[in-house]
Amino acid sequence: MNTENTVSAHKEPPKMPGAWPLLGHMLEFGKNPFAYMTKLRNSLGEIGEFRMFHQKMVLLTGPEANEAFFRAPDAQLDQSQAYKIMTPIFGKGVVFDAPPHKKDQQLKMLMPVLRDKPMRGYAQVIVQEVEQMIADWGETGEIDLLEFMKELTIYTSSHCLLGDEFRYELNEEFAKIYHDLEKGVNPLAFVFPYLPLPVFRRRDKARARLQALVTGIIAKRAQKAEKSEDAFQMLIDAQYDDGSRLTPHEITGMLIGTIFAGHHTTAGTAAWTLLELARRPEYMHAVLAELDAQFGVDGEVTFQALREIPLLENVIKEVLRLHPPLIFLIRKVMQDFHFKDYTVKAGKYVCASPRVSHRIAEVFPEPEKFDPDRYSDTRQEDAKPFSWIAFGGGKHKCSGNAFAMLQLKAIFSILLRRYTFELIDAADNYQDDFTQMVVQPVSPCRVRYLKRVAIEESAGESLRNDSQETAHAGPGFRIIIDRELCQGHATCMAEAPELFKVDAAGNLTVLQENPPLDLLAKARQAEKYCPSKAIKIDLN
Ligand code: HEM
């Protein structure tokens, strides 16, 4: 396998049968791209061709094929074509629309913005935004988790990247601009990017207004003695190899492009992380124990501490394996591309699919199982290069991956220590929405939150009351389950893992027949928060 010309690579990739005239495989692919790509891999293997309308697409899956895809030079596999739809938003001549030497330099300028040094400052900003979002949540309530995460991550990323002026002085105006830009992402833009449609007009007006605001802030900042420490400032100070600076048009495009790249991807991952934990009380409990040990009840969430929460990190990795927000990545073949015995001719498109590659049983045994322990030192199932590719790979690997992980870890370090969460609908109702370009959970995605401090306080209260009851209650208590009512929500297991176990089929087992009284407070919490009211505590 390689990306250079070789004499042995001569076969055309095998083709999927069943193409319709004009449409090709579009109908089946459009209905559920993941199901279609899985079918292609199951029938043709690691390389196979299908058609979207007249366009020939070749799907590559598995670590070796991914390696060929990600290591190919830009001159051979061109990424820009796939992002053409974004040119009116990011701007002409910005990143994917820039000539190759300029694009490389612009992407390079983004690197330090999203890594090491400014991260410490970002950690504080993210923590502050999470605290603010939940400040008026109260004891308990219901939210649409995806909407919550989308709002939160637009605040965190705009605050970290655009800085204080946009977050505090221009917050409402920025929300409107962002809304109009988002609405302007339309597949029509592939073919007619500047058609005089109202959505495109609003998009262009919003882009122009954003640039005017950026230009104004650059001028204002130039007057100040003290320098800001956000991504915006780093781009103002950045230089091309020839010493020239980015123009306000380029800075605007790079900032909005970075926010777009990180917004729905991070929001969807955050929502899935909480959903997967809420479905699995044993992991929720273990993550909570890790966070409590690291930060204590009121400990400060610092950048350094966020680096040392391996279980939460593995949980997020497993979420990204099962629910990568970008399920296929596309390149246009500019020069014939070779993989093993096959040649993909120039003019076709090649795609890699994180979602399909992540569910190959030879790479990730029992691929459908949520198992964060896969990444432990002893197992390292992701050790094979290009097997875990949620952030892509090679030269164009996500430059925001460290920032995304920082955001996710900071969000949960606050949220989970303040509140517990439970699903409102049946667990199977929470699915991926494949109709979106960035795959996220289907909306509405309803969860209930309950304040942890209240739980702990009332647990303390219970304990105090219990000690009074002990005198005439005997040395233990009994847990009575009404099996007719129990629906296997597993909330009890999150509250008292010593007392309850719920298996994957929703069957509840009570682990101790006559538990000691020091577990009574926890049992009472389980009784209190059981959504089906199936638990009764009987004092001896
Ligand atoms: C969980 C969150 C995220 C996921 C799963 C994700 C995934 C990806 C993937 C798969 C690519 C490669 C695309 C390709 O090869 O065509 C990519 C590229 C990129 N991502 Fe992310 N991303 C996330 C968050 C972010 C964030 C937070 C930012 C910035 C704040 C960001 C900025 C970028 C940029 C600038 C690129 C282009 C890199 C290049 O082409 O050199 N991403 N991302």
# chains A, B, ... in the order shown; residues from 1 in each chain; ligands from 1
call {"tool": "select_by_dssp", "arguments": {"residues": "range 135-358 of chain A", "states": "helix (DSSP H, G or I)", "output": "JSON, numbers by chain"}}
result
{"A": [145, 146, 147, 148, 149, 150, 151, 152, 153, 154, 155, 156, 157, 158, 159, 160, 161, 162, 164, 165, 166, 167, 168, 169, 171, 172, 173, 174, 175, 176, 177, 178, 179, 180, 181, 182, 183, 187, 188, 189, 190, 198, 199, 200, 201, 202, 203, 204, 205, 206, 207, 208, 209, 210, 211, 212, 213, 214, 215, 216, 217, 218, 219, 220, 221, 222, 223, 231, 232, 233, 234, 235, 236, 237, 248, 249, 250, 251, 252, 253, 254, 255, 256, 257, 258, 259, 260, 261, 262, 263, 264, 265, 266, 267, 268, 269, 270, 271, 272, 273, 274, 275, 276, 277, 278, 279, 281, 282, 283, 284, 285, 286, 287, 288, 289, 290, 291, 292, 293, 294, 295, 303, 304, 305, 306, 310, 311, 312, 313, 314, 315, 316, 317, 318, 319, 320, 321, 322, 354, 355, 356, 357]}
call {"tool": "residues_near_ligand", "arguments": {"ligand": "ligand 1", "cutoff": "8 Å", "atoms": "only C-alpha atoms and all ligand atoms", "output": "VMD selection string"}}
result
chain A and resid 70 79 82 104 107 to 108 110 114 157 161 257 to 270 320 324 to 326 329 to 331 354 389 to 393 395 to 405 407
call {"tool": "closest_residue", "arguments": {"among": "A:Asn186, A:Gln335, A:Gln132, A:Gln239", "to": "Ala75 in chain A", "atoms": "only C-alpha atoms"}}
result
A:Gln335
call {"tool": "select_by_dssp", "arguments": {"residues": "range 87-332 of chain A", "states": "strand (DSSP E)", "output": "CSV table (one decimal) with C-alpha atoms, in the first residue's frame"}}
result
chain,number,residue,atom,x,y,z
A,140,THR,CA,-34.2,19.9,39.5
A,141,GLY,CA,-35.5,20.4,36.0
A,142,GLU,CA,-35.6,19.2,32.4
A,143,ILE,CA,-33.5,20.3,29.5
A,144,ASP,CA,-33.0,19.5,25.8
A,329,LEU,CA,-14.4,12.8,5.1
A,330,ILE,CA,-14.0,13.5,1.5
A,331,ARG,CA,-11.1,14.3,-0.9
A,332,LYS,CA,-11.1,14.9,-4.7
call {"tool": "closest_residue", "arguments": {"among": "A:Ala219, A:Tyr419, A:Glu318, A:Leu406", "to": "Lys369 in chain A", "atoms": "only C-alpha atoms"}}
result
A:Glu318
call {"tool": "closest_residue", "arguments": {"among": "A:Phe412, A:Gly506, A:Glu182, A:Pro441", "to": "Glu131 in chain A", "atoms": "only C-alpha atoms"}}
result
A:Phe412
call {"tool": "atom_distance", "arguments": {"atom1": "CA of Phe53 in chain A", "atom2": "CA of Ala19 in chain A"}}
result
9.2 Å
call {"tool": "atom_distance", "arguments": {"atom1": "CA of Ile251 in chain A", "atom2": "CA of Met119 in chain A"}}
result
20.0 Å
call {"tool": "residues_around", "arguments": {"residues": "Ala212 in chain A", "least_positions_apart": "4", "cutoff": "12 Å", "atoms": "only C-alpha atoms", "output": "ChimeraX atom specification"}}
result
/A:177,205-208,216-219,248-249,251-252
call {"tool": "write_last_selection", "arguments": {"atoms": "C-alpha atoms", "output": "mmCIF file, in the first residue's frame"}}
result
data_model
loop_
_atom_site.group_PDB
_atom_site.id
_atom_site.type_symbol
_atom_site.label_atom_id
_atom_site.label_comp_id
_atom_site.auth_asym_id
_atom_site.auth_seq_id
_atom_site.Cartn_x
_atom_site.Cartn_y
_atom_site.Cartn_z
ATOM 1 C CA ILE A 177 -24.616 37.063 12.866
ATOM 2 C CA LYS A 205 -24.704 40.645 5.081
ATOM 3 C CA ALA A 206 -23.776 38.828 8.303
ATOM 4 C CA ARG A 207 -20.279 38.039 6.974
ATOM 5 C CA ALA A 208 -19.735 41.688 5.999
ATOM 6 C CA GLY A 216 -13.121 47.935 14.527
ATOM 7 C CA ILE A 217 -11.770 45.769 17.347
ATOM 8 C CA ILE A 218 -8.350 45.452 15.674
ATOM 9 C CA ALA A 219 -8.152 49.269 15.558
ATOM 10 C CA PRO A 248 -9.083 41.678 8.594
ATOM 11 C CA HIS A 249 -10.896 39.659 5.885
ATOM 12 C CA ILE A 251 -8.740 37.029 10.332
ATOM 13 C CA THR A 252 -12.559 37.112 10.193
#
call {"tool": "residues_around", "arguments": {"residues": "Glu282 in chain A", "least_positions_apart": "2", "cutoff": "8 Å", "atoms": "only C-alpha atoms", "output": "PDB file with C-alpha atoms, in the first residue's frame"}}
result
ATOM      1  CA  ARG A 280     -24.580   3.363  32.379  1.00  0.00           C
ATOM      2  CA  MET A 284     -21.284   7.508  35.813  1.00  0.00           C
ATOM      3  CA  HIS A 285     -20.385   6.449  39.327  1.00  0.00           C
ATOM      4  CA  ALA A 286     -16.744   5.725  38.467  1.00  0.00           C
ATOM      5  CA  MET A 493     -27.566   2.006  40.864  1.00  0.00           C
ATOM      6  CA  ALA A 494     -26.161   5.520  40.387  1.00  0.00           C
ATOM      7  CA  PRO A 497     -24.011   0.959  43.644  1.00  0.00           C
TER       8      PRO A 497
END
call {"tool": "closest_residue", "arguments": {"among": "A:Ala523, A:Met334, A:Leu146, A:Val356", "to": "Asp433 in chain A", "atoms": "only C-alpha atoms"}}
result
A:Leu146
